[in-house]
Amino acid sequence: MPRNLDLTALRSFVAVAEAGGVTRAAGFLNLTQSAVSMQLKRLEGAMGLQLLDRSARKVSLTGAGEQLLGYARRMLSLNDEVFARLTAQEFEGEIVLGVPHDIVYPAIPQVLNRFAAEYPRVKVQLLSSFTTRLKDQFARGEADIILATEGACGPGGETLTELPLIWVGAINGNAWKSRPLRLAYEHNCIFRNRVQAALDRASIPWEMAVESESTRTIEASVSADLAVHTVIEGTEPPYVERIQHGGALPDLTTTKINLYVSDVSAGHVTEELAALIRQAYAAR
């Protein structure tokens with residue numbers, strides 16, 4: 001007799017696999033940790049397989065779990081497509097979301113994926129730029145929602161989280177040991193002046209080795225060990241690592257990630273997208 005898989009349990013399984021743990025997945029699914037854990041155990045029991053390796057600090061997939069993940073994603077995608085196409089969709093339109101380059105990952109792709117499943121007829125236009133530029137666009141009414149990385153929260157905004165700024169350099173690199181310290185920054189990066197002031201206070205000589213409008217250029221230069229850079233903790237790009245300088249570089253201040261939602265274009269769908277962004281940061 002054919003047996004049926006529980007799609008709710010599969011959705012929890014995929015969320016845990018993508019988030020790297022039950023805690024973050026529970027926050028993103030808006031469920032309790034115990035509810036997610038129970039669904040995972042029920043799925044493992046129904047299949048008679050161990051899908052997750054829980055022996056390490058970070059949950060990882062077993063061989064069977066890796067195989068199931070691809071099937072689960074396709075099943076959930078088909079399920080969501082059926083509901084999107086065959087049920088009435090009340091909401092249509094476009095939302096403009098602005099996010100600074102350096103915090104697009106890891107939260108925003110998950111938010112956009114979930115929002116698209118719930119509101120398939122609403123188009124989200126993603127603007128990726130610098131905080132100062134995004135705030136100008138928001139003030140002109142060119143964006144409905146923006147995130148901003150700032151030292152303080154402006155009028156009408158709300159702080160989602162506050163994280164430290166950290167030094168990053170090439171993997172096993174030595175650029176951080178050079179004096180003057182070679183820096184790489186985009187022209188409009190808001191962290192640039194703050195970092196330079198911290199170095200001046202610590203009496204560490206520095207020079208701008210790489211300047212560019214392109215974030216990719218900065219990442220490439222840093223990964224090549226030509227200079228060092230600073231990012232918000234948890235947003236380190238590939239091919240660089242946090243510098244373990246042992247006090248040779250000054251500690252840096254924290255940065256707030258703030259959310260701004262337009263009063264003019266506020267509506268149910270806009271608020272739903274904002275709520276998903278809040279959930280994503282709460283899960284982190």
# chains A, B, ... in the order shown; residues from 1 in each chain; ligands from 1
>>> residues_around(residues="Val59 (chain A)", least_positions_apart="6", cutoff="7 Å", atoms="only C-alpha atoms", output="count of residues only")
4
>>> select_by_dssp(residues="region 99-235 of chain A", states="alpha helix (DSSP H)", output="PyMOL selection string")
chain A and resi 107-118+131-139+191-201+215-223
>>> write_last_selection(atoms="N, CA and C atoms", output="short mmCIF file (atom, residue, chain, number, x, y, z; two decimals), in the first residue's frame")
data_model
loop_
_atom_site.label_atom_id
_atom_site.label_comp_id
_atom_site.auth_asym_id
_atom_site.auth_seq_id
_atom_site.Cartn_x
_atom_site.Cartn_y
_atom_site.Cartn_z
N ALA A 107 20.19 36.53 4.55
CA ALA A 107 18.76 36.56 4.88
C ALA A 107 17.85 36.81 3.67
N ILE A 108 18.23 37.73 2.79
CA ILE A 108 17.30 38.22 1.77
C ILE A 108 16.87 37.15 0.77
N PRO A 109 17.75 36.27 0.25
CA PRO A 109 17.25 35.24 -0.67
C PRO A 109 16.17 34.36 -0.06
N GLN A 110 16.30 34.01 1.21
CA GLN A 110 15.28 33.20 1.88
C GLN A 110 13.96 33.97 1.99
N VAL A 111 14.05 35.25 2.30
CA VAL A 111 12.85 36.08 2.40
C VAL A 111 12.14 36.16 1.06
N LEU A 112 12.89 36.41 -0.01
CA LEU A 112 12.29 36.55 -1.34
C LEU A 112 11.66 35.25 -1.80
N ASN A 113 12.32 34.12 -1.48
CA ASN A 113 11.78 32.82 -1.86
C ASN A 113 10.44 32.56 -1.19
N ARG A 114 10.38 32.83 0.10
CA ARG A 114 9.13 32.58 0.84
C ARG A 114 8.03 33.55 0.41
N PHE A 115 8.40 34.82 0.17
CA PHE A 115 7.41 35.80 -0.24
C PHE A 115 6.83 35.45 -1.61
N ALA A 116 7.68 34.98 -2.53
CA ALA A 116 7.22 34.61 -3.86
C ALA A 116 6.24 33.44 -3.80
N ALA A 117 6.46 32.52 -2.86
CA ALA A 117 5.55 31.38 -2.72
C ALA A 117 4.19 31.83 -2.20
N GLU A 118 4.18 32.83 -1.32
CA GLU A 118 2.92 33.28 -0.73
C GLU A 118 2.19 34.30 -1.60
N THR A 131 23.96 52.35 1.71
CA THR A 131 22.94 52.85 2.61
C THR A 131 22.56 54.30 2.31
N THR A 132 23.55 55.16 2.10
CA THR A 132 23.25 56.58 1.85
C THR A 132 22.39 56.74 0.61
N ARG A 133 22.70 55.99 -0.43
CA ARG A 133 21.94 56.09 -1.68
C ARG A 133 20.54 55.52 -1.50
N LEU A 134 20.43 54.41 -0.78
CA LEU A 134 19.12 53.80 -0.56
C LEU A 134 18.23 54.72 0.26
N LYS A 135 18.79 55.40 1.25
CA LYS A 135 17.98 56.29 2.07
C LYS A 135 17.50 57.49 1.25
N ASP A 136 18.33 57.95 0.32
CA ASP A 136 17.90 59.03 -0.57
C ASP A 136 16.75 58.57 -1.46
N GLN A 137 16.87 57.36 -1.99
CA GLN A 137 15.80 56.82 -2.85
C GLN A 137 14.52 56.62 -2.05
N PHE A 138 14.65 56.16 -0.81
CA PHE A 138 13.50 55.96 0.05
C PHE A 138 12.81 57.30 0.34
N ALA A 139 13.61 58.33 0.60
CA ALA A 139 13.05 59.65 0.89
C ALA A 139 12.32 60.22 -0.32
N PHE A 191 31.41 52.63 6.31
CA PHE A 191 32.34 52.17 7.34
C PHE A 191 33.73 52.79 7.16
N ARG A 192 33.98 53.31 6.00
CA ARG A 192 35.34 53.76 5.63
C ARG A 192 35.89 54.81 6.60
N ASN A 193 35.15 55.90 6.82
CA ASN A 193 35.63 56.97 7.70
C ASN A 193 35.74 56.49 9.14
N ARG A 194 34.80 55.64 9.55
CA ARG A 194 34.81 55.11 10.90
C ARG A 194 36.08 54.28 11.17
N VAL A 195 36.45 53.47 10.21
CA VAL A 195 37.64 52.62 10.34
C VAL A 195 38.91 53.46 10.33
N GLN A 196 38.97 54.43 9.44
CA GLN A 196 40.14 55.30 9.38
C GLN A 196 40.34 56.05 10.70
N ALA A 197 39.23 56.52 11.29
CA ALA A 197 39.32 57.22 12.57
C ALA A 197 39.82 56.29 13.67
N ALA A 198 39.38 55.03 13.66
CA ALA A 198 39.82 54.06 14.67
C ALA A 198 41.33 53.80 14.53
N LEU A 199 41.80 53.71 13.31
CA LEU A 199 43.23 53.50 13.09
C LEU A 199 44.04 54.72 13.55
N ASP A 200 43.51 55.91 13.28
CA ASP A 200 44.20 57.13 13.72
C ASP A 200 44.30 57.17 15.24
N ARG A 201 43.22 56.81 15.92
CA ARG A 201 43.24 56.80 17.39
C ARG A 201 44.24 55.79 17.93
N THR A 215 31.77 46.36 -5.43
CA THR A 215 32.01 45.49 -4.29
C THR A 215 32.83 44.28 -4.70
N ARG A 216 32.60 43.76 -5.90
CA ARG A 216 33.35 42.61 -6.38
C ARG A 216 34.84 42.93 -6.50
N THR A 217 35.16 44.15 -6.92
CA THR A 217 36.57 44.55 -7.03
C THR A 217 37.23 44.54 -5.65
N ILE A 218 36.51 45.04 -4.66
CA ILE A 218 37.05 45.06 -3.30
C ILE A 218 37.27 43.63 -2.80
N GLU A 219 36.27 42.75 -3.01
CA GLU A 219 36.39 41.36 -2.57
C GLU A 219 37.58 40.68 -3.24
N ALA A 220 37.75 40.90 -4.54
CA ALA A 220 38.85 40.28 -5.27
C ALA A 220 40.20 40.77 -4.76
N SER A 221 40.30 42.05 -4.48
CA SER A 221 41.56 42.62 -4.00
C SER A 221 41.92 42.09 -2.62
N VAL A 222 40.91 41.98 -1.76
CA VAL A 222 41.16 41.49 -0.41
C VAL A 222 41.52 40.01 -0.45
N SER A 223 40.80 39.22 -1.26
CA SER A 223 41.09 37.78 -1.34
C SER A 223 42.46 37.52 -1.95
#
>>> select_by_dssp(residues="region 88-240 of chain A", states="strand (DSSP E or B)", output="PDB file with N, CA and C atoms, in the first residue's frame")
ATOM      1  N   GLY A  93       0.831  43.403  -8.052  1.00  0.00           N
ATOM      2  CA  GLY A  93       1.543  44.673  -8.006  1.00  0.00           C
ATOM      3  C   GLY A  93       3.040  44.486  -7.890  1.00  0.00           C
ATOM      4  N   GLU A  94       3.717  45.533  -7.435  1.00  0.00           N
ATOM      5  CA  GLU A  94       5.177  45.532  -7.343  1.00  0.00           C
ATOM      6  C   GLU A  94       5.609  46.229  -6.067  1.00  0.00           C
ATOM      7  N   ILE A  95       6.608  45.672  -5.422  1.00  0.00           N
ATOM      8  CA  ILE A  95       7.226  46.273  -4.243  1.00  0.00           C
ATOM      9  C   ILE A  95       8.702  46.481  -4.547  1.00  0.00           C
ATOM     10  N   VAL A  96       9.199  47.646  -4.227  1.00  0.00           N
ATOM     11  CA  VAL A  96      10.626  47.939  -4.407  1.00  0.00           C
ATOM     12  C   VAL A  96      11.316  47.805  -3.054  1.00  0.00           C
ATOM     13  N   LEU A  97      12.259  46.883  -2.981  1.00  0.00           N
ATOM     14  CA  LEU A  97      13.009  46.602  -1.749  1.00  0.00           C
ATOM     15  C   LEU A  97      14.468  46.975  -1.952  1.00  0.00           C
ATOM     16  N   GLY A  98      14.985  47.834  -1.082  1.00  0.00           N
ATOM     17  CA  GLY A  98      16.382  48.248  -1.165  1.00  0.00           C
ATOM     18  C   GLY A  98      17.205  47.629  -0.049  1.00  0.00           C
ATOM     19  N   VAL A  99      18.352  47.037  -0.410  1.00  0.00           N
ATOM     20  CA  VAL A  99      19.214  46.364   0.567  1.00  0.00           C
ATOM     21  C   VAL A  99      20.672  46.697   0.261  1.00  0.00           C
ATOM     22  N   PRO A 100      21.452  47.116   1.247  1.00  0.00           N
ATOM     23  CA  PRO A 100      22.876  47.342   1.007  1.00  0.00           C
ATOM     24  C   PRO A 100      23.564  46.087   0.479  1.00  0.00           C
ATOM     25  N   VAL A 122       2.877  39.144  -7.013  1.00  0.00           N
ATOM     26  CA  VAL A 122       3.510  40.398  -6.608  1.00  0.00           C
ATOM     27  C   VAL A 122       4.989  40.345  -6.994  1.00  0.00           C
ATOM     28  N   LYS A 123       5.418  41.312  -7.773  1.00  0.00           N
ATOM     29  CA  LYS A 123       6.817  41.382  -8.207  1.00  0.00           C
ATOM     30  C   LYS A 123       7.619  42.190  -7.188  1.00  0.00           C
ATOM     31  N   VAL A 124       8.769  41.666  -6.797  1.00  0.00           N
ATOM     32  CA  VAL A 124       9.667  42.401  -5.904  1.00  0.00           C
ATOM     33  C   VAL A 124      10.886  42.854  -6.708  1.00  0.00           C
ATOM     34  N   GLN A 125      11.058  44.147  -6.808  1.00  0.00           N
ATOM     35  CA  GLN A 125      12.247  44.700  -7.459  1.00  0.00           C
ATOM     36  C   GLN A 125      13.298  44.972  -6.383  1.00  0.00           C
ATOM     37  N   LEU A 126      14.421  44.295  -6.484  1.00  0.00           N
ATOM     38  CA  LEU A 126      15.471  44.415  -5.472  1.00  0.00           C
ATOM     39  C   LEU A 126      16.508  45.441  -5.905  1.00  0.00           C
ATOM     40  N   LEU A 127      16.672  46.469  -5.090  1.00  0.00           N
ATOM     41  CA  LEU A 127      17.720  47.461  -5.303  1.00  0.00           C
ATOM     42  C   LEU A 127      18.878  47.142  -4.370  1.00  0.00           C
ATOM     43  N   SER A 128      20.066  47.008  -4.908  1.00  0.00           N
ATOM     44  CA  SER A 128      21.240  46.745  -4.088  1.00  0.00           C
ATOM     45  C   SER A 128      22.222  47.889  -4.265  1.00  0.00           C
ATOM     46  N   SER A 129      22.441  48.637  -3.197  1.00  0.00           N
ATOM     47  CA  SER A 129      23.298  49.815  -3.289  1.00  0.00           C
ATOM     48  C   SER A 129      23.880  50.119  -1.915  1.00  0.00           C
ATOM     49  N   ILE A 145      10.430  49.625   0.832  1.00  0.00           N
ATOM     50  CA  ILE A 145      11.085  49.110   2.037  1.00  0.00           C
ATOM     51  C   ILE A 145      12.589  49.164   1.792  1.00  0.00           C
ATOM     52  N   ILE A 146      13.336  49.568   2.789  1.00  0.00           N
ATOM     53  CA  ILE A 146      14.793  49.474   2.686  1.00  0.00           C
ATOM     54  C   ILE A 146      15.366  48.949   4.000  1.00  0.00           C
ATOM     55  N   LEU A 147      16.518  48.320   3.884  1.00  0.00           N
ATOM     56  CA  LEU A 147      17.372  48.031   5.031  1.00  0.00           C
ATOM     57  C   LEU A 147      18.536  49.002   4.979  1.00  0.00           C
ATOM     58  N   ALA A 148      19.050  49.367   6.130  1.00  0.00           N
ATOM     59  CA  ALA A 148      20.172  50.301   6.189  1.00  0.00           C
ATOM     60  C   ALA A 148      21.140  49.859   7.272  1.00  0.00           C
ATOM     61  N   THR A 149      22.425  49.991   6.998  1.00  0.00           N
ATOM     62  CA  THR A 149      23.456  49.717   8.000  1.00  0.00           C
ATOM     63  C   THR A 149      23.933  51.067   8.532  1.00  0.00           C
ATOM     64  N   GLU A 150      23.668  51.316   9.825  1.00  0.00           N
ATOM     65  CA  GLU A 150      23.900  52.642  10.384  1.00  0.00           C
ATOM     66  C   GLU A 150      24.403  52.560  11.819  1.00  0.00           C
ATOM     67  N   GLY A 157      12.370  54.457  11.564  1.00  0.00           N
ATOM     68  CA  GLY A 157      12.999  53.152  11.374  1.00  0.00           C
ATOM     69  C   GLY A 157      12.909  52.293  12.615  1.00  0.00           C
ATOM     70  N   GLU A 158      13.262  51.037  12.460  1.00  0.00           N
ATOM     71  CA  GLU A 158      13.342  50.118  13.593  1.00  0.00           C
ATOM     72  C   GLU A 158      14.598  49.268  13.448  1.00  0.00           C
ATOM     73  N   THR A 159      15.277  49.045  14.547  1.00  0.00           N
ATOM     74  CA  THR A 159      16.506  48.263  14.536  1.00  0.00           C
ATOM     75  C   THR A 159      16.187  46.783  14.631  1.00  0.00           C
ATOM     76  N   LEU A 160      16.640  46.022  13.631  1.00  0.00           N
ATOM     77  CA  LEU A 160      16.407  44.579  13.619  1.00  0.00           C
ATOM     78  C   LEU A 160      17.473  43.833  14.394  1.00  0.00           C
ATOM     79  N   THR A 161      18.702  44.310  14.320  1.00  0.00           N
ATOM     80  CA  THR A 161      19.798  43.671  15.048  1.00  0.00           C
ATOM     81  C   THR A 161      20.967  44.647  15.102  1.00  0.00           C
ATOM     82  N   GLU A 162      21.888  44.387  15.983  1.00  0.00           N
ATOM     83  CA  GLU A 162      23.103  45.192  16.094  1.00  0.00           C
ATOM     84  C   GLU A 162      24.284  44.233  16.176  1.00  0.00           C
ATOM     85  N   LEU A 163      25.218  44.380  15.229  1.00  0.00           N
ATOM     86  CA  LEU A 163      26.321  43.431  15.103  1.00  0.00           C
ATOM     87  C   LEU A 163      27.654  44.170  15.029  1.00  0.00           C
ATOM     88  N   PRO A 164      28.737  43.519  15.463  1.00  0.00           N
ATOM     89  CA  PRO A 164      30.043  44.175  15.400  1.00  0.00           C
ATOM     90  C   PRO A 164      30.598  44.233  13.986  1.00  0.00           C
ATOM     91  N   LEU A 165      31.395  45.236  13.745  1.00  0.00           N
ATOM     92  CA  LEU A 165      32.166  45.348  12.508  1.00  0.00           C
ATOM     93  C   LEU A 165      33.484  44.607  12.737  1.00  0.00           C
ATOM     94  N   ILE A 166      33.898  43.789  11.776  1.00  0.00           N
ATOM     95  CA  ILE A 166      35.108  42.975  11.961  1.00  0.00           C
ATOM     96  C   ILE A 166      36.076  43.181  10.798  1.00  0.00           C
ATOM     97  N   TRP A 167      37.330  42.908  11.057  1.00  0.00           N
ATOM     98  CA  TRP A 167      38.369  42.968  10.036  1.00  0.00           C
ATOM     99  C   TRP A 167      38.381  41.658   9.244  1.00  0.00           C
ATOM    100  N   VAL A 168      38.501  41.757   7.916  1.00  0.00           N
ATOM    101  CA  VAL A 168      38.639  40.567   7.076  1.00  0.00           C
ATOM    102  C   VAL A 168      39.806  40.744   6.116  1.00  0.00           C
ATOM    103  N   GLY A 169      40.408  39.617   5.776  1.00  0.00           N
ATOM    104  CA  GLY A 169      41.527  39.614   4.831  1.00  0.00           C
ATOM    105  C   GLY A 169      41.559  38.306   4.076  1.00  0.00           C
ATOM    106  N   ALA A 170      42.583  38.126   3.286  1.00  0.00           N
ATOM    107  CA  ALA A 170      42.728  36.885   2.525  1.00  0.00           C
ATOM    108  C   ALA A 170      42.907  35.706   3.481  1.00  0.00           C
ATOM    109  N   LEU A 181      49.021  50.224   6.980  1.00  0.00           N
ATOM    110  CA  LEU A 181      48.009  49.206   6.708  1.00  0.00           C
ATOM    111  C   LEU A 181      47.297  49.543   5.410  1.00  0.00           C
ATOM    112  N   ARG A 182      47.232  48.574   4.513  1.00  0.00           N
ATOM    113  CA  ARG A 182      46.621  48.798   3.200  1.00  0.00           C
ATOM    114  C   ARG A 182      45.125  48.475   3.272  1.00  0.00           C
ATOM    115  N   LEU A 183      44.292  49.460   2.940  1.00  0.00           N
ATOM    116  CA  LEU A 183      42.845  49.335   3.028  1.00  0.00           C
ATOM    117  C   LEU A 183      42.208  49.254   1.646  1.00  0.00           C
ATOM    118  N   ALA A 184      41.090  48.557   1.573  1.00  0.00           N
ATOM    119  CA  ALA A 184      40.316  48.468   0.328  1.00  0.00           C
ATOM    120  C   ALA A 184      38.864  48.799   0.653  1.00  0.00           C
ATOM    121  N   TYR A 185      38.304  49.822  -0.011  1.00  0.00           N
ATOM    122  CA  TYR A 185      36.920  50.237   0.251  1.00  0.00           C
ATOM    123  C   TYR A 185      36.255  50.786  -1.003  1.00  0.00           C
ATOM    124  N   GLU A 186      34.925  50.617  -1.046  1.00  0.00           N
ATOM    125  CA  GLU A 186      34.140  51.316  -2.040  1.00  0.00           C
ATOM    126  C   GLU A 186      34.127  52.807  -1.687  1.00  0.00           C
ATOM    127  N   TRP A 206      48.020  54.159   7.834  1.00  0.00           N
ATOM    128  CA  TRP A 206      47.237  53.428   6.835  1.00  0.00           C
ATOM    129  C   TRP A 206      47.293  54.162   5.498  1.00  0.00           C
ATOM    130  N   GLU A 207      46.925  53.447   4.457  1.00  0.00           N
ATOM    131  CA  GLU A 207      46.799  54.049   3.136  1.00  0.00           C
ATOM    132  C   GLU A 207      45.666  53.356   2.383  1.00  0.00           C
ATOM    133  N   MET A 208      45.021  54.079   1.485  1.00  0.00           N
ATOM    134  CA  MET A 208      43.976  53.497   0.648  1.00  0.00           C
ATOM    135  C   MET A 208      44.650  52.815  -0.531  1.00  0.00           C
ATOM    136  N   ALA A 209      44.715  51.506  -0.477  1.00  0.00           N
ATOM    137  CA  ALA A 209      45.383  50.745  -1.532  1.00  0.00           C
ATOM    138  C   ALA A 209      44.452  50.456  -2.705  1.00  0.00           C
ATOM    139  N   VAL A 210      43.170  50.255  -2.402  1.00  0.00           N
ATOM    140  CA  VAL A 210      42.193  49.930  -3.447  1.00  0.00           C
ATOM    141  C   VAL A 210      40.921  50.733  -3.189  1.00  0.00           C
ATOM    142  N   GLU A 211      40.485  51.482  -4.204  1.00  0.00           N
ATOM    143  CA  GLU A 211      39.228  52.208  -4.152  1.00  0.00           C
ATOM    144  C   GLU A 211      38.421  51.871  -5.390  1.00  0.00           C
ATOM    145  N   SER A 212      37.132  51.644  -5.219  1.00  0.00           N
ATOM    146  CA  SER A 212      36.325  51.229  -6.362  1.00  0.00           C
ATOM    147  C   SER A 212      34.850  51.481  -6.090  1.00  0.00           C
ATOM    148  N   VAL A 228      43.220  44.945   3.319  1.00  0.00           N
ATOM    149  CA  VAL A 228      42.218  44.417   4.254  1.00  0.00           C
ATOM    150  C   VAL A 228      40.954  45.242   4.136  1.00  0.00           C
ATOM    151  N   HIS A 229      39.883  44.726   4.724  1.00  0.00           N
ATOM    152  CA  HIS A 229      38.566  45.346   4.593  1.00  0.00           C
ATOM    153  C   HIS A 229      37.820  45.093   5.895  1.00  0.00           C
ATOM    154  N   THR A 230      36.653  45.693   6.068  1.00  0.00           N
ATOM    155  CA  THR A 230      35.814  45.433   7.228  1.00  0.00           C
ATOM    156  C   THR A 230      34.395  45.118   6.761  1.00  0.00           C
ATOM    157  N   VAL A 231      33.741  44.203   7.462  1.00  0.00           N
ATOM    158  CA  VAL A 231      32.355  43.841   7.147  1.00  0.00           C
ATOM    159  C   VAL A 231      31.601  43.633   8.445  1.00  0.00           C
ATOM    160  N   ILE A 232      30.293  43.558   8.350  1.00  0.00           N
ATOM    161  CA  ILE A 232      29.465  43.224   9.506  1.00  0.00           C
ATOM    162  C   ILE A 232      29.626  41.737   9.788  1.00  0.00           C
ATOM    163  N   VAL A 240      37.464  35.082   1.775  1.00  0.00           N
ATOM    164  CA  VAL A 240      38.155  35.890   2.778  1.00  0.00           C
ATOM    165  C   VAL A 240      37.825  35.289   4.134  1.00  0.00           C
TER     166      VAL A 240
END
>>> atom_distance(atom1="CA of Asp6 (chain A)", atom2="CA of Gln67 (chain A)")
16.6 Å
>>> atom_distance(atom1="CA of Lys256 (chain A)", atom2="CA of Cys153 (chain A)")
7.3 Å
>>> closest_residue(among="A:Asp144, A:Pro180, A:Ile103, A:Gly234", to="Glu271 (chain A)", atoms="only C-alpha atoms")
A:Asp144
>>> atom_distance(atom1="CA of Thr270 (chain A)", atom2="CA of Tyr119 (chain A)")
10.8 Å
>>> residues_around(residues="Phe130 (chain A)", least_positions_apart="6", cutoff="7 Å", atoms="only C-alpha atoms", output="PDB file with N, CA and C atoms, in the first residue's frame")
ATOM      1  N   PRO A 100      21.452  47.116   1.247  1.00  0.00           N
ATOM      2  CA  PRO A 100      22.876  47.342   1.007  1.00  0.00           C
ATOM      3  C   PRO A 100      23.564  46.087   0.479  1.00  0.00           C
ATOM      4  N   HIS A 101      24.589  46.301  -0.368  1.00  0.00           N
ATOM      5  CA  HIS A 101      25.306  45.180  -0.988  1.00  0.00           C
ATOM      6  C   HIS A 101      25.719  44.123   0.027  1.00  0.00           C
ATOM      7  N   ASN A 188      31.711  54.911  -1.532  1.00  0.00           N
ATOM      8  CA  ASN A 188      30.583  55.362  -0.721  1.00  0.00           C
ATOM      9  C   ASN A 188      30.341  54.508   0.524  1.00  0.00           C
ATOM     10  N   CYS A 189      31.294  53.677   0.893  1.00  0.00           N
ATOM     11  CA  CYS A 189      31.102  52.810   2.053  1.00  0.00           C
ATOM     12  C   CYS A 189      31.042  53.639   3.339  1.00  0.00           C
TER      13      CYS A 189
END
>>> closest_residue(among="A:Leu7, A:Ala35, A:Ala152, A:Ala202", to="Leu78 (chain A)", atoms="only C-alpha atoms")
A:Leu7
>>> decode(residues="region 157-225 of chain A", atoms="C-alpha atoms", output="PDB file, in the first residue's frame")
ATOM      1  CA  GLY A 157      12.999  53.152  11.374  1.00  0.00           C
ATOM      2  CA  GLU A 158      13.342  50.118  13.593  1.00  0.00           C
ATOM      3  CA  THR A 159      16.506  48.263  14.536  1.00  0.00           C
ATOM      4  CA  LEU A 160      16.407  44.579  13.619  1.00  0.00           C
ATOM      5  CA  THR A 161      19.798  43.671  15.048  1.00  0.00           C
ATOM      6  CA  GLU A 162      23.103  45.192  16.094  1.00  0.00           C
ATOM      7  CA  LEU A 163      26.321  43.431  15.103  1.00  0.00           C
ATOM      8  CA  PRO A 164      30.043  44.175  15.400  1.00  0.00           C
ATOM      9  CA  LEU A 165      32.166  45.348  12.508  1.00  0.00           C
ATOM     10  CA  ILE A 166      35.108  42.975  11.961  1.00  0.00           C
ATOM     11  CA  TRP A 167      38.369  42.968  10.036  1.00  0.00           C
ATOM     12  CA  VAL A 168      38.639  40.567   7.076  1.00  0.00           C
ATOM     13  CA  GLY A 169      41.527  39.614   4.831  1.00  0.00           C
ATOM     14  CA  ALA A 170      42.728  36.885   2.525  1.00  0.00           C
ATOM     15  CA  ILE A 171      42.635  33.335   3.841  1.00  0.00           C
ATOM     16  CA  ASN A 172      45.996  32.812   5.599  1.00  0.00           C
ATOM     17  CA  GLY A 173      46.896  36.301   4.376  1.00  0.00           C
ATOM     18  CA  ASN A 174      49.502  38.737   5.719  1.00  0.00           C
ATOM     19  CA  ALA A 175      48.277  42.117   4.447  1.00  0.00           C
ATOM     20  CA  TRP A 176      47.008  43.012   7.933  1.00  0.00           C
ATOM     21  CA  LYS A 177      50.598  42.950   9.222  1.00  0.00           C
ATOM     22  CA  SER A 178      51.868  45.603   6.796  1.00  0.00           C
ATOM     23  CA  ARG A 179      52.462  49.194   7.850  1.00  0.00           C
ATOM     24  CA  PRO A 180      51.083  51.426   6.614  1.00  0.00           C
ATOM     25  CA  LEU A 181      48.009  49.206   6.708  1.00  0.00           C
ATOM     26  CA  ARG A 182      46.621  48.798   3.200  1.00  0.00           C
ATOM     27  CA  LEU A 183      42.845  49.335   3.028  1.00  0.00           C
ATOM     28  CA  ALA A 184      40.316  48.468   0.328  1.00  0.00           C
ATOM     29  CA  TYR A 185      36.920  50.237   0.251  1.00  0.00           C
ATOM     30  CA  GLU A 186      34.140  51.316  -2.040  1.00  0.00           C
ATOM     31  CA  HIS A 187      33.968  55.093  -2.459  1.00  0.00           C
ATOM     32  CA  ASN A 188      30.583  55.362  -0.721  1.00  0.00           C
ATOM     33  CA  CYS A 189      31.102  52.810   2.053  1.00  0.00           C
ATOM     34  CA  ILE A 190      29.822  54.234   5.346  1.00  0.00           C
ATOM     35  CA  PHE A 191      32.341  52.171   7.336  1.00  0.00           C
ATOM     36  CA  ARG A 192      35.338  53.763   5.629  1.00  0.00           C
ATOM     37  CA  ASN A 193      35.634  56.968   7.705  1.00  0.00           C
ATOM     38  CA  ARG A 194      34.812  55.114  10.902  1.00  0.00           C
ATOM     39  CA  VAL A 195      37.639  52.618  10.344  1.00  0.00           C
ATOM     40  CA  GLN A 196      40.139  55.296   9.378  1.00  0.00           C
ATOM     41  CA  ALA A 197      39.321  57.223  12.568  1.00  0.00           C
ATOM     42  CA  ALA A 198      39.823  54.064  14.667  1.00  0.00           C
ATOM     43  CA  LEU A 199      43.234  53.502  13.089  1.00  0.00           C
ATOM     44  CA  ASP A 200      44.202  57.126  13.718  1.00  0.00           C
ATOM     45  CA  ARG A 201      43.236  56.803  17.394  1.00  0.00           C
ATOM     46  CA  ALA A 202      45.378  53.665  17.628  1.00  0.00           C
ATOM     47  CA  SER A 203      48.307  55.487  15.925  1.00  0.00           C
ATOM     48  CA  ILE A 204      48.393  52.880  13.139  1.00  0.00           C
ATOM     49  CA  PRO A 205      49.449  54.356   9.790  1.00  0.00           C
ATOM     50  CA  TRP A 206      47.237  53.428   6.835  1.00  0.00           C
ATOM     51  CA  GLU A 207      46.799  54.049   3.136  1.00  0.00           C
ATOM     52  CA  MET A 208      43.976  53.497   0.648  1.00  0.00           C
ATOM     53  CA  ALA A 209      45.383  50.745  -1.532  1.00  0.00           C
ATOM     54  CA  VAL A 210      42.193  49.930  -3.447  1.00  0.00           C
ATOM     55  CA  GLU A 211      39.228  52.208  -4.152  1.00  0.00           C
ATOM     56  CA  SER A 212      36.325  51.229  -6.362  1.00  0.00           C
ATOM     57  CA  GLU A 213      32.600  51.567  -7.017  1.00  0.00           C
ATOM     58  CA  SER A 214      32.419  47.775  -7.289  1.00  0.00           C
ATOM     59  CA  THR A 215      32.005  45.489  -4.289  1.00  0.00           C
ATOM     60  CA  ARG A 216      33.354  42.605  -6.381  1.00  0.00           C
ATOM     61  CA  THR A 217      36.571  44.546  -7.028  1.00  0.00           C
ATOM     62  CA  ILE A 218      37.049  45.056  -3.297  1.00  0.00           C
ATOM     63  CA  GLU A 219      36.393  41.365  -2.567  1.00  0.00           C
ATOM     64  CA  ALA A 220      38.848  40.276  -5.272  1.00  0.00           C
ATOM     65  CA  SER A 221      41.562  42.618  -4.002  1.00  0.00           C
ATOM     66  CA  VAL A 222      41.161  41.486  -0.408  1.00  0.00           C
ATOM     67  CA  SER A 223      41.092  37.783  -1.342  1.00  0.00           C
ATOM     68  CA  ALA A 224      44.337  38.354  -3.280  1.00  0.00           C
ATOM     69  CA  ASP A 225      45.945  39.650  -0.035  1.00  0.00           C
TER      70      ASP A 225
END
